[in-house]
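Reproduced below: model.cif, with mmCIF, N, CA and C atoms.
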data_upload
#
loop_
_atom_site.label_atom_id
_atom_site.label_comp_id
_atom_site.auth_asym_id
_atom_site.auth_seq_id
_atom_site.Cartn_x
_atom_site.Cartn_y
_atom_site.Cartn_z
N MET A 1447 -14.98 8.57 3.25
CA MET A 1447 -14.86 9.79 2.49
C MET A 1447 -15.85 9.75 1.32
N LYS A 1448 -16.60 10.81 1.16
CA LYS A 1448 -17.59 10.92 0.08
C LYS A 1448 -16.86 11.05 -1.26
N LEU A 1449 -17.18 10.16 -2.20
CA LEU A 1449 -16.56 10.19 -3.52
C LEU A 1449 -17.42 10.93 -4.54
N THR A 1450 -18.72 10.67 -4.48
CA THR A 1450 -19.69 11.33 -5.36
C THR A 1450 -20.97 11.54 -4.55
N GLU A 1451 -21.98 12.02 -5.20
CA GLU A 1451 -23.25 12.26 -4.52
C GLU A 1451 -23.81 10.99 -3.86
N HIS A 1452 -23.62 9.84 -4.51
CA HIS A 1452 -24.24 8.61 -4.03
C HIS A 1452 -23.26 7.55 -3.51
N PHE A 1453 -21.98 7.78 -3.59
CA PHE A 1453 -21.01 6.75 -3.21
C PHE A 1453 -19.96 7.27 -2.25
N ASP A 1454 -19.60 6.41 -1.31
CA ASP A 1454 -18.60 6.71 -0.29
C ASP A 1454 -17.49 5.67 -0.39
N SER A 1455 -16.28 6.06 -0.06
CA SER A 1455 -15.14 5.15 -0.18
C SER A 1455 -15.30 3.90 0.67
N THR A 1456 -15.99 3.99 1.79
CA THR A 1456 -16.14 2.82 2.67
C THR A 1456 -16.95 1.70 2.01
N GLU A 1457 -17.76 2.03 1.02
CA GLU A 1457 -18.56 1.02 0.33
C GLU A 1457 -17.69 0.08 -0.49
N PHE A 1458 -16.49 0.51 -0.83
CA PHE A 1458 -15.61 -0.27 -1.70
C PHE A 1458 -14.58 -1.07 -0.93
N LYS A 1459 -14.61 -1.01 0.41
CA LYS A 1459 -13.62 -1.69 1.24
C LYS A 1459 -13.63 -3.19 1.04
N CYS A 1460 -12.46 -3.78 1.14
CA CYS A 1460 -12.32 -5.24 1.12
C CYS A 1460 -12.94 -5.80 2.40
N ASN A 1461 -13.38 -7.04 2.35
CA ASN A 1461 -13.96 -7.68 3.54
C ASN A 1461 -12.98 -7.74 4.71
N CYS A 1462 -11.68 -7.73 4.41
CA CYS A 1462 -10.68 -7.78 5.47
C CYS A 1462 -10.40 -6.39 6.05
N GLY A 1463 -11.04 -5.36 5.49
CA GLY A 1463 -10.88 -4.01 6.01
C GLY A 1463 -9.96 -3.12 5.21
N ASN A 1464 -9.22 -3.70 4.27
CA ASN A 1464 -8.32 -2.92 3.43
C ASN A 1464 -9.13 -1.95 2.57
N ASN A 1465 -8.70 -0.71 2.50
CA ASN A 1465 -9.47 0.32 1.79
C ASN A 1465 -8.55 1.19 0.93
N PRO A 1466 -8.06 0.65 -0.18
CA PRO A 1466 -7.18 1.44 -1.05
C PRO A 1466 -7.96 2.37 -1.98
N LYS A 1467 -7.25 3.12 -2.77
CA LYS A 1467 -7.88 4.03 -3.72
C LYS A 1467 -8.65 3.24 -4.79
N VAL A 1468 -9.85 3.69 -5.08
CA VAL A 1468 -10.69 3.08 -6.10
C VAL A 1468 -10.66 3.99 -7.31
N SER A 1469 -10.73 3.42 -8.48
CA SER A 1469 -10.68 4.16 -9.73
C SER A 1469 -11.75 5.26 -9.78
N GLU A 1470 -11.31 6.46 -10.08
CA GLU A 1470 -12.24 7.58 -10.24
C GLU A 1470 -13.19 7.33 -11.41
N LEU A 1471 -12.68 6.73 -12.48
CA LEU A 1471 -13.51 6.41 -13.63
C LEU A 1471 -14.62 5.44 -13.24
N LEU A 1472 -14.29 4.41 -12.46
CA LEU A 1472 -15.29 3.45 -12.00
C LEU A 1472 -16.39 4.14 -11.21
N VAL A 1473 -16.01 4.96 -10.26
CA VAL A 1473 -17.01 5.64 -9.41
C VAL A 1473 -17.86 6.59 -10.24
N ASN A 1474 -17.25 7.29 -11.17
CA ASN A 1474 -18.02 8.20 -12.03
C ASN A 1474 -19.00 7.44 -12.92
N ARG A 1475 -18.60 6.29 -13.42
CA ARG A 1475 -19.51 5.47 -14.24
C ARG A 1475 -20.66 4.93 -13.40
N LEU A 1476 -20.38 4.53 -12.18
CA LEU A 1476 -21.46 4.07 -11.29
C LEU A 1476 -22.42 5.20 -10.98
N GLU A 1477 -21.89 6.39 -10.79
CA GLU A 1477 -22.74 7.57 -10.54
C GLU A 1477 -23.62 7.85 -11.76
N GLN A 1478 -23.04 7.75 -12.96
CA GLN A 1478 -23.83 7.93 -14.19
C GLN A 1478 -24.93 6.89 -14.29
N MET A 1479 -24.60 5.64 -13.97
CA MET A 1479 -25.58 4.56 -14.01
C MET A 1479 -26.72 4.85 -13.03
N HIS A 1480 -26.38 5.34 -11.86
CA HIS A 1480 -27.38 5.68 -10.85
C HIS A 1480 -28.37 6.70 -11.41
N LYS A 1481 -27.85 7.73 -12.05
CA LYS A 1481 -28.72 8.79 -12.58
C LYS A 1481 -29.53 8.33 -13.79
N ILE A 1482 -28.91 7.59 -14.71
CA ILE A 1482 -29.61 7.11 -15.91
C ILE A 1482 -30.76 6.19 -15.54
N MET A 1483 -30.53 5.34 -14.53
CA MET A 1483 -31.55 4.37 -14.12
C MET A 1483 -32.56 4.96 -13.15
N HIS A 1484 -32.33 6.20 -12.70
CA HIS A 1484 -33.19 6.79 -11.67
C HIS A 1484 -33.32 5.83 -10.49
N ALA A 1485 -32.18 5.26 -10.11
CA ALA A 1485 -32.15 4.24 -9.05
C ALA A 1485 -32.40 4.86 -7.68
N LYS A 1486 -33.10 4.14 -6.84
CA LYS A 1486 -33.22 4.57 -5.45
C LYS A 1486 -31.88 4.39 -4.78
N ALA A 1487 -31.20 3.29 -5.13
CA ALA A 1487 -29.87 3.03 -4.56
C ALA A 1487 -29.14 2.01 -5.42
N ILE A 1488 -27.83 2.10 -5.43
CA ILE A 1488 -26.97 1.07 -6.00
C ILE A 1488 -26.06 0.64 -4.87
N TYR A 1489 -26.11 -0.62 -4.54
CA TYR A 1489 -25.30 -1.16 -3.45
C TYR A 1489 -24.06 -1.84 -4.01
N ILE A 1490 -22.93 -1.53 -3.45
CA ILE A 1490 -21.68 -2.17 -3.84
C ILE A 1490 -21.59 -3.46 -3.03
N THR A 1491 -21.76 -4.60 -3.68
CA THR A 1491 -21.68 -5.87 -2.97
C THR A 1491 -20.24 -6.35 -2.86
N SER A 1492 -19.40 -5.90 -3.76
CA SER A 1492 -17.97 -6.20 -3.70
C SER A 1492 -17.23 -5.15 -4.51
N GLY A 1493 -16.37 -4.41 -3.84
CA GLY A 1493 -15.57 -3.39 -4.52
C GLY A 1493 -14.13 -3.86 -4.61
N TYR A 1494 -13.25 -3.19 -3.88
CA TYR A 1494 -11.85 -3.60 -3.87
C TYR A 1494 -11.74 -4.93 -3.13
N ARG A 1495 -10.86 -5.80 -3.62
CA ARG A 1495 -10.51 -7.04 -2.92
C ARG A 1495 -8.99 -7.13 -2.90
N CYS A 1496 -8.42 -7.39 -1.74
CA CYS A 1496 -6.99 -7.65 -1.69
C CYS A 1496 -6.76 -8.99 -2.41
N PRO A 1497 -5.55 -9.26 -2.88
CA PRO A 1497 -5.30 -10.51 -3.60
C PRO A 1497 -5.75 -11.75 -2.86
N ASN A 1498 -5.51 -11.83 -1.56
CA ASN A 1498 -5.91 -13.03 -0.80
C ASN A 1498 -7.42 -13.20 -0.76
N CYS A 1499 -8.15 -12.12 -0.52
CA CYS A 1499 -9.62 -12.20 -0.46
C CYS A 1499 -10.20 -12.49 -1.84
N SER A 1500 -9.57 -11.98 -2.88
CA SER A 1500 -10.05 -12.24 -4.23
C SER A 1500 -9.97 -13.73 -4.55
N VAL A 1501 -8.87 -14.35 -4.20
CA VAL A 1501 -8.71 -15.78 -4.43
C VAL A 1501 -9.73 -16.57 -3.61
N LYS A 1502 -9.98 -16.15 -2.37
CA LYS A 1502 -10.94 -16.85 -1.50
C LYS A 1502 -12.35 -16.90 -2.09
N VAL A 1503 -12.72 -15.87 -2.87
CA VAL A 1503 -14.08 -15.84 -3.44
C VAL A 1503 -14.11 -16.34 -4.89
N GLY A 1504 -13.00 -16.93 -5.34
CA GLY A 1504 -12.98 -17.51 -6.69
C GLY A 1504 -12.37 -16.61 -7.75
N GLY A 1505 -11.83 -15.47 -7.34
CA GLY A 1505 -11.18 -14.57 -8.29
C GLY A 1505 -9.70 -14.90 -8.42
N PHE A 1506 -8.96 -13.92 -8.89
CA PHE A 1506 -7.53 -14.09 -9.12
C PHE A 1506 -6.75 -13.05 -8.34
N ARG A 1507 -5.48 -13.31 -8.09
CA ARG A 1507 -4.63 -12.41 -7.32
C ARG A 1507 -4.42 -11.06 -8.00
N ASN A 1508 -4.65 -11.00 -9.31
CA ASN A 1508 -4.41 -9.74 -10.03
C ASN A 1508 -5.60 -9.34 -10.90
N ASP A 1509 -6.81 -9.67 -10.46
CA ASP A 1509 -7.99 -9.32 -11.26
C ASP A 1509 -8.36 -7.85 -11.08
N ALA A 1510 -9.39 -7.43 -11.76
CA ALA A 1510 -9.80 -6.01 -11.75
C ALA A 1510 -10.17 -5.52 -10.35
N HIS A 1511 -10.74 -6.38 -9.53
CA HIS A 1511 -11.08 -5.98 -8.16
C HIS A 1511 -9.83 -5.61 -7.37
N THR A 1512 -8.74 -6.34 -7.56
CA THR A 1512 -7.51 -6.07 -6.82
C THR A 1512 -6.84 -4.78 -7.28
N LYS A 1513 -7.26 -4.28 -8.42
CA LYS A 1513 -6.71 -3.03 -8.96
C LYS A 1513 -7.62 -1.83 -8.69
N GLY A 1514 -8.76 -2.08 -8.07
CA GLY A 1514 -9.70 -0.99 -7.74
C GLY A 1514 -10.47 -0.48 -8.95
N ILE A 1515 -10.59 -1.33 -9.98
CA ILE A 1515 -11.28 -0.89 -11.20
C ILE A 1515 -12.54 -1.71 -11.49
N ALA A 1516 -13.04 -2.45 -10.49
CA ALA A 1516 -14.24 -3.25 -10.68
C ALA A 1516 -15.10 -3.20 -9.43
N ALA A 1517 -16.39 -3.40 -9.64
CA ALA A 1517 -17.32 -3.48 -8.51
C ALA A 1517 -18.49 -4.35 -8.92
N ASP A 1518 -18.94 -5.17 -8.00
CA ASP A 1518 -20.16 -5.94 -8.19
C ASP A 1518 -21.24 -5.11 -7.49
N VAL A 1519 -22.39 -4.95 -8.16
CA VAL A 1519 -23.42 -4.07 -7.62
C VAL A 1519 -24.79 -4.74 -7.59
N LYS A 1520 -25.65 -4.19 -6.77
CA LYS A 1520 -27.06 -4.59 -6.72
C LYS A 1520 -27.87 -3.31 -6.77
N VAL A 1521 -28.80 -3.25 -7.71
CA VAL A 1521 -29.61 -2.04 -7.87
C VAL A 1521 -30.95 -2.25 -7.22
#

Would it be possible to restate this file's structure as structure tokens?
Amino acid sequence: MKLTEHFDSTEFKCNCGNNPKVSELLVNRLEQMHKIMHAKAIYITSGYRCPNCSVKVGGFRNDAHTKGIAADVKV
């Protein structure tokens, strides 16, 4: 599902396939960053993570990724 001009909900999916709601504020801020930087693209390298996947990559069971309010990006 298209969230903004440059971002789709599938980009934020957990590696295990889980795809919960992502923060609207997060997506809007990423969209603003895209425009301010005149970026060709911003790639979401890690969006939502379920608690188990977050722990597997060195995060925590209740970190910002598990709440849908964080994203690791590559411009």

Within 12 Å of (-12.0, 3.1, -2.7) (coordinates as in the file), grab all the protein and nucleic acid residues, counting only C-alpha atoms, and write them out as a PDB file with N, CA and C atoms, in the coordinates of the input.
ATOM      1  N   MET A1447     -14.980   8.570   3.250  1.00  0.00           N
ATOM      2  CA  MET A1447     -14.860   9.790   2.490  1.00  0.00           C
ATOM      3  C   MET A1447     -15.850   9.750   1.320  1.00  0.00           C
ATOM      4  N   LYS A1448     -16.600  10.810   1.160  1.00  0.00           N
ATOM      5  CA  LYS A1448     -17.590  10.920   0.080  1.00  0.00           C
ATOM      6  C   LYS A1448     -16.860  11.050  -1.260  1.00  0.00           C
ATOM      7  N   LEU A1449     -17.180  10.160  -2.200  1.00  0.00           N
ATOM      8  CA  LEU A1449     -16.560  10.190  -3.520  1.00  0.00           C
ATOM      9  C   LEU A1449     -17.420  10.930  -4.540  1.00  0.00           C
ATOM     10  N   THR A1450     -18.720  10.670  -4.480  1.00  0.00           N
ATOM     11  CA  THR A1450     -19.690  11.330  -5.360  1.00  0.00           C
ATOM     12  C   THR A1450     -20.970  11.540  -4.550  1.00  0.00           C
ATOM     13  N   PHE A1453     -21.980   7.780  -3.590  1.00  0.00           N
ATOM     14  CA  PHE A1453     -21.010   6.750  -3.210  1.00  0.00           C
ATOM     15  C   PHE A1453     -19.960   7.270  -2.250  1.00  0.00           C
ATOM     16  N   ASP A1454     -19.600   6.410  -1.310  1.00  0.00           N
ATOM     17  CA  ASP A1454     -18.600   6.710  -0.290  1.00  0.00           C
ATOM     18  C   ASP A1454     -17.490   5.670  -0.390  1.00  0.00           C
ATOM     19  N   SER A1455     -16.280   6.060  -0.060  1.00  0.00           N
ATOM     20  CA  SER A1455     -15.140   5.150  -0.180  1.00  0.00           C
ATOM     21  C   SER A1455     -15.300   3.900   0.670  1.00  0.00           C
ATOM     22  N   THR A1456     -15.990   3.990   1.790  1.00  0.00           N
ATOM     23  CA  THR A1456     -16.140   2.820   2.670  1.00  0.00           C
ATOM     24  C   THR A1456     -16.950   1.700   2.010  1.00  0.00           C
ATOM     25  N   GLU A1457     -17.760   2.030   1.020  1.00  0.00           N
ATOM     26  CA  GLU A1457     -18.560   1.020   0.330  1.00  0.00           C
ATOM     27  C   GLU A1457     -17.690   0.080  -0.490  1.00  0.00           C
ATOM     28  N   PHE A1458     -16.490   0.510  -0.830  1.00  0.00           N
ATOM     29  CA  PHE A1458     -15.610  -0.270  -1.700  1.00  0.00           C
ATOM     30  C   PHE A1458     -14.580  -1.070  -0.930  1.00  0.00           C
ATOM     31  N   LYS A1459     -14.610  -1.010   0.410  1.00  0.00           N
ATOM     32  CA  LYS A1459     -13.620  -1.690   1.240  1.00  0.00           C
ATOM     33  C   LYS A1459     -13.630  -3.190   1.040  1.00  0.00           C
ATOM     34  N   CYS A1460     -12.460  -3.780   1.140  1.00  0.00           N
ATOM     35  CA  CYS A1460     -12.320  -5.240   1.120  1.00  0.00           C
ATOM     36  C   CYS A1460     -12.940  -5.800   2.400  1.00  0.00           C
ATOM     37  N   GLY A1463     -11.040  -5.360   5.490  1.00  0.00           N
ATOM     38  CA  GLY A1463     -10.880  -4.010   6.010  1.00  0.00           C
ATOM     39  C   GLY A1463      -9.960  -3.120   5.210  1.00  0.00           C
ATOM     40  N   ASN A1464      -9.220  -3.700   4.270  1.00  0.00           N
ATOM     41  CA  ASN A1464      -8.320  -2.920   3.430  1.00  0.00           C
ATOM     42  C   ASN A1464      -9.130  -1.950   2.570  1.00  0.00           C
ATOM     43  N   ASN A1465      -8.700  -0.710   2.500  1.00  0.00           N
ATOM     44  CA  ASN A1465      -9.470   0.320   1.790  1.00  0.00           C
ATOM     45  C   ASN A1465      -8.550   1.190   0.930  1.00  0.00           C
ATOM     46  N   PRO A1466      -8.060   0.650  -0.180  1.00  0.00           N
ATOM     47  CA  PRO A1466      -7.180   1.440  -1.050  1.00  0.00           C
ATOM     48  C   PRO A1466      -7.960   2.370  -1.980  1.00  0.00           C
ATOM     49  N   LYS A1467      -7.250   3.120  -2.770  1.00  0.00           N
ATOM     50  CA  LYS A1467      -7.880   4.030  -3.720  1.00  0.00           C
ATOM     51  C   LYS A1467      -8.650   3.240  -4.790  1.00  0.00           C
ATOM     52  N   VAL A1468      -9.850   3.690  -5.080  1.00  0.00           N
ATOM     53  CA  VAL A1468     -10.690   3.080  -6.100  1.00  0.00           C
ATOM     54  C   VAL A1468     -10.660   3.990  -7.310  1.00  0.00           C
ATOM     55  N   SER A1469     -10.730   3.420  -8.480  1.00  0.00           N
ATOM     56  CA  SER A1469     -10.680   4.160  -9.730  1.00  0.00           C
ATOM     57  C   SER A1469     -11.750   5.260  -9.780  1.00  0.00           C
ATOM     58  N   GLU A1470     -11.310   6.460 -10.080  1.00  0.00           N
ATOM     59  CA  GLU A1470     -12.240   7.580 -10.240  1.00  0.00           C
ATOM     60  C   GLU A1470     -13.190   7.330 -11.410  1.00  0.00           C
ATOM     61  N   LEU A1471     -12.680   6.730 -12.480  1.00  0.00           N
ATOM     62  CA  LEU A1471     -13.510   6.410 -13.630  1.00  0.00           C
ATOM     63  C   LEU A1471     -14.620   5.440 -13.240  1.00  0.00           C
ATOM     64  N   LEU A1472     -14.290   4.410 -12.460  1.00  0.00           N
ATOM     65  CA  LEU A1472     -15.290   3.450 -12.000  1.00  0.00           C
ATOM     66  C   LEU A1472     -16.390   4.140 -11.210  1.00  0.00           C
ATOM     67  N   VAL A1473     -16.010   4.960 -10.260  1.00  0.00           N
ATOM     68  CA  VAL A1473     -17.010   5.640  -9.410  1.00  0.00           C
ATOM     69  C   VAL A1473     -17.860   6.590 -10.240  1.00  0.00           C
ATOM     70  N   ILE A1490     -22.930  -1.530  -3.450  1.00  0.00           N
ATOM     71  CA  ILE A1490     -21.680  -2.170  -3.840  1.00  0.00           C
ATOM     72  C   ILE A1490     -21.590  -3.460  -3.030  1.00  0.00           C
ATOM     73  N   SER A1492     -19.400  -5.900  -3.760  1.00  0.00           N
ATOM     74  CA  SER A1492     -17.970  -6.200  -3.700  1.00  0.00           C
ATOM     75  C   SER A1492     -17.230  -5.150  -4.510  1.00  0.00           C
ATOM     76  N   GLY A1493     -16.370  -4.410  -3.840  1.00  0.00           N
ATOM     77  CA  GLY A1493     -15.570  -3.390  -4.520  1.00  0.00           C
ATOM     78  C   GLY A1493     -14.130  -3.860  -4.610  1.00  0.00           C
ATOM     79  N   TYR A1494     -13.250  -3.190  -3.880  1.00  0.00           N
ATOM     80  CA  TYR A1494     -11.850  -3.600  -3.870  1.00  0.00           C
ATOM     81  C   TYR A1494     -11.740  -4.930  -3.130  1.00  0.00           C
ATOM     82  N   ARG A1495     -10.860  -5.800  -3.620  1.00  0.00           N
ATOM     83  CA  ARG A1495     -10.510  -7.040  -2.920  1.00  0.00           C
ATOM     84  C   ARG A1495      -8.990  -7.130  -2.900  1.00  0.00           C
ATOM     85  N   CYS A1496      -8.420  -7.390  -1.740  1.00  0.00           N
ATOM     86  CA  CYS A1496      -6.990  -7.650  -1.690  1.00  0.00           C
ATOM     87  C   CYS A1496      -6.760  -8.990  -2.410  1.00  0.00           C
ATOM     88  N   HIS A1511     -10.740  -6.380  -9.530  1.00  0.00           N
ATOM     89  CA  HIS A1511     -11.080  -5.980  -8.160  1.00  0.00           C
ATOM     90  C   HIS A1511      -9.830  -5.610  -7.370  1.00  0.00           C
ATOM     91  N   THR A1512      -8.740  -6.340  -7.560  1.00  0.00           N
ATOM     92  CA  THR A1512      -7.510  -6.070  -6.820  1.00  0.00           C
ATOM     93  C   THR A1512      -6.840  -4.780  -7.280  1.00  0.00           C
ATOM     94  N   LYS A1513      -7.260  -4.280  -8.420  1.00  0.00           N
ATOM     95  CA  LYS A1513      -6.710  -3.030  -8.960  1.00  0.00           C
ATOM     96  C   LYS A1513      -7.620  -1.830  -8.690  1.00  0.00           C
ATOM     97  N   GLY A1514      -8.760  -2.080  -8.070  1.00  0.00           N
ATOM     98  CA  GLY A1514      -9.700  -0.990  -7.740  1.00  0.00           C
ATOM     99  C   GLY A1514     -10.470  -0.480  -8.950  1.00  0.00           C
ATOM    100  N   ILE A1515     -10.590  -1.330  -9.980  1.00  0.00           N
ATOM    101  CA  ILE A1515     -11.280  -0.890 -11.200  1.00  0.00           C
ATOM    102  C   ILE A1515     -12.540  -1.710 -11.490  1.00  0.00           C
ATOM    103  N   ALA A1516     -13.040  -2.450 -10.490  1.00  0.00           N
ATOM    104  CA  ALA A1516     -14.240  -3.250 -10.680  1.00  0.00           C
ATOM    105  C   ALA A1516     -15.100  -3.200  -9.430  1.00  0.00           C
ATOM    106  N   ALA A1517     -16.390  -3.400  -9.640  1.00  0.00           N
ATOM    107  CA  ALA A1517     -17.320  -3.480  -8.510  1.00  0.00           C
ATOM    108  C   ALA A1517     -18.490  -4.350  -8.920  1.00  0.00           C
TER     109      ALA A1517
END

Write out as a list in words all residues of chain A that backbone DSSP assigns to helix (DSSP H, G or I).
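Answer for chain A, restricted to helix (DSSP H, G or I): Ser1455, Thr1456, Glu1457, Phe1458, Glu1470, Leu1471, Leu1472, Val1473, Asn1474, Arg1475, Leu1476, Glu1477, Gln1478, Met1479, His1480, Lys1481, Ile1482, Met1483, Pro1497, Asn1498, Cys1499, Ser1500, Val1501, Lys1502, Ala1510, His1511, Thr1512 and Lys1513 of chain A.
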
Return the padded bounding box of stretch 1477-1496 of chain A as lines of an AutoDock Vina configuration file: axis-aligned, built from all atoms listed in the file, 6 Å added on each side, with centre and edge lengths in Å to one decimal.
center_x = -20.0
center_y = -0.1
center_z = -8.8
size_x = 38.6
size_y = 29.8
size_z = 26.2

Between atom CA of A:Gly1505 and atom CA of A:Asp1518, what is the spacing in Å?
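Atom CA of A:Gly1505 lies 12.5 Å from atom CA of A:Asp1518.
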
Can you list, as a list in words, the residues that the PyMOL selection byres ((chain A and resi 1497) around 6.5) selects here?
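After applying the PyMOL selection byres ((chain A and resi 1497) around 6.5), what remains is Arg1495, Cys1496, Asn1498, Cys1499, Ser1500, Val1501, Lys1502, Phe1506, Arg1507, Asn1508 and Thr1512 of chain A.
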
Given the selection you just returned, output its residues as a file containing N, CA and C atoms, formatted as a PDB file, in the coordinates of the input.
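Output file out-v3.pdb follows:
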ATOM      1  N   ARG A1495     -10.860  -5.800  -3.620  1.00  0.00           N
ATOM      2  CA  ARG A1495     -10.510  -7.040  -2.920  1.00  0.00           C
ATOM      3  C   ARG A1495      -8.990  -7.130  -2.900  1.00  0.00           C
ATOM      4  N   CYS A1496      -8.420  -7.390  -1.740  1.00  0.00           N
ATOM      5  CA  CYS A1496      -6.990  -7.650  -1.690  1.00  0.00           C
ATOM      6  C   CYS A1496      -6.760  -8.990  -2.410  1.00  0.00           C
ATOM      7  N   ASN A1498      -5.510 -11.830  -1.560  1.00  0.00           N
ATOM      8  CA  ASN A1498      -5.910 -13.030  -0.800  1.00  0.00           C
ATOM      9  C   ASN A1498      -7.420 -13.200  -0.760  1.00  0.00           C
ATOM     10  N   CYS A1499      -8.150 -12.120  -0.520  1.00  0.00           N
ATOM     11  CA  CYS A1499      -9.620 -12.200  -0.460  1.00  0.00           C
ATOM     12  C   CYS A1499     -10.200 -12.490  -1.840  1.00  0.00           C
ATOM     13  N   SER A1500      -9.570 -11.980  -2.880  1.00  0.00           N
ATOM     14  CA  SER A1500     -10.050 -12.240  -4.230  1.00  0.00           C
ATOM     15  C   SER A1500      -9.970 -13.730  -4.550  1.00  0.00           C
ATOM     16  N   VAL A1501      -8.870 -14.350  -4.200  1.00  0.00           N
ATOM     17  CA  VAL A1501      -8.710 -15.780  -4.430  1.00  0.00           C
ATOM     18  C   VAL A1501      -9.730 -16.570  -3.610  1.00  0.00           C
ATOM     19  N   LYS A1502      -9.980 -16.150  -2.370  1.00  0.00           N
ATOM     20  CA  LYS A1502     -10.940 -16.850  -1.500  1.00  0.00           C
ATOM     21  C   LYS A1502     -12.350 -16.900  -2.090  1.00  0.00           C
ATOM     22  N   PHE A1506      -8.960 -13.920  -8.890  1.00  0.00           N
ATOM     23  CA  PHE A1506      -7.530 -14.090  -9.120  1.00  0.00           C
ATOM     24  C   PHE A1506      -6.750 -13.050  -8.340  1.00  0.00           C
ATOM     25  N   ARG A1507      -5.480 -13.310  -8.090  1.00  0.00           N
ATOM     26  CA  ARG A1507      -4.630 -12.410  -7.320  1.00  0.00           C
ATOM     27  C   ARG A1507      -4.420 -11.060  -8.000  1.00  0.00           C
ATOM     28  N   ASN A1508      -4.650 -11.000  -9.310  1.00  0.00           N
ATOM     29  CA  ASN A1508      -4.410  -9.740 -10.030  1.00  0.00           C
ATOM     30  C   ASN A1508      -5.600  -9.340 -10.900  1.00  0.00           C
ATOM     31  N   THR A1512      -8.740  -6.340  -7.560  1.00  0.00           N
ATOM     32  CA  THR A1512      -7.510  -6.070  -6.820  1.00  0.00           C
ATOM     33  C   THR A1512      -6.840  -4.780  -7.280  1.00  0.00           C
TER      34      THR A1512
END

Min atom-atom distance to A:Asn1461 from the set A:Thr1491, A:Val1519, A:Ala1485, A:Asp1509, counting only C-alpha atoms, belongs to A:Thr1491

Between atom CA of A:Ala1510 and atom CA of A:Ala1487, what distance in Å does the model show, to one decimal?
23.2 Å

Generate N, CA, C and O atoms for stretch 1502-1514 of chain A and emit them as a compact mmCIF listing (two decimals), in the frame of the given file.
# COMPACT_ATOMS: atom_id res chain seq x y z
N LYS A 1502 -9.98 -16.15 -2.37
CA LYS A 1502 -10.94 -16.85 -1.50
C LYS A 1502 -12.35 -16.90 -2.09
O LYS A 1502 -13.10 -17.83 -1.83
N VAL A 1503 -12.72 -15.87 -2.87
CA VAL A 1503 -14.08 -15.84 -3.44
C VAL A 1503 -14.11 -16.34 -4.89
O VAL A 1503 -15.10 -16.17 -5.58
N GLY A 1504 -13.00 -16.93 -5.34
CA GLY A 1504 -12.98 -17.51 -6.69
C GLY A 1504 -12.37 -16.61 -7.75
O GLY A 1504 -12.41 -16.95 -8.93
N GLY A 1505 -11.83 -15.47 -7.34
CA GLY A 1505 -11.18 -14.57 -8.29
C GLY A 1505 -9.70 -14.90 -8.42
O GLY A 1505 -9.26 -16.00 -8.07
N PHE A 1506 -8.96 -13.92 -8.89
CA PHE A 1506 -7.53 -14.09 -9.12
C PHE A 1506 -6.75 -13.05 -8.34
O PHE A 1506 -7.27 -11.99 -7.99
N ARG A 1507 -5.48 -13.31 -8.09
CA ARG A 1507 -4.63 -12.41 -7.32
C ARG A 1507 -4.42 -11.06 -8.00
O ARG A 1507 -4.03 -10.10 -7.36
N ASN A 1508 -4.65 -11.00 -9.31
CA ASN A 1508 -4.41 -9.74 -10.03
C ASN A 1508 -5.60 -9.34 -10.90
O ASN A 1508 -5.42 -8.76 -11.96
N ASP A 1509 -6.81 -9.67 -10.46
CA ASP A 1509 -7.99 -9.32 -11.26
C ASP A 1509 -8.36 -7.85 -11.08
O ASP A 1509 -7.69 -7.10 -10.35
N ALA A 1510 -9.39 -7.43 -11.76
CA ALA A 1510 -9.80 -6.01 -11.75
C ALA A 1510 -10.17 -5.52 -10.35
O ALA A 1510 -9.93 -4.36 -10.02
N HIS A 1511 -10.74 -6.38 -9.53
CA HIS A 1511 -11.08 -5.98 -8.16
C HIS A 1511 -9.83 -5.61 -7.37
O HIS A 1511 -9.84 -4.68 -6.57
N THR A 1512 -8.74 -6.34 -7.56
CA THR A 1512 -7.51 -6.07 -6.82
C THR A 1512 -6.84 -4.78 -7.28
O THR A 1512 -5.96 -4.27 -6.60
N LYS A 1513 -7.26 -4.28 -8.42
CA LYS A 1513 -6.71 -3.03 -8.96
C LYS A 1513 -7.62 -1.83 -8.69
O LYS A 1513 -7.31 -0.71 -9.07
N GLY A 1514 -8.76 -2.08 -8.07
CA GLY A 1514 -9.70 -0.99 -7.74
C GLY A 1514 -10.47 -0.48 -8.95
O GLY A 1514 -10.95 0.65 -8.94
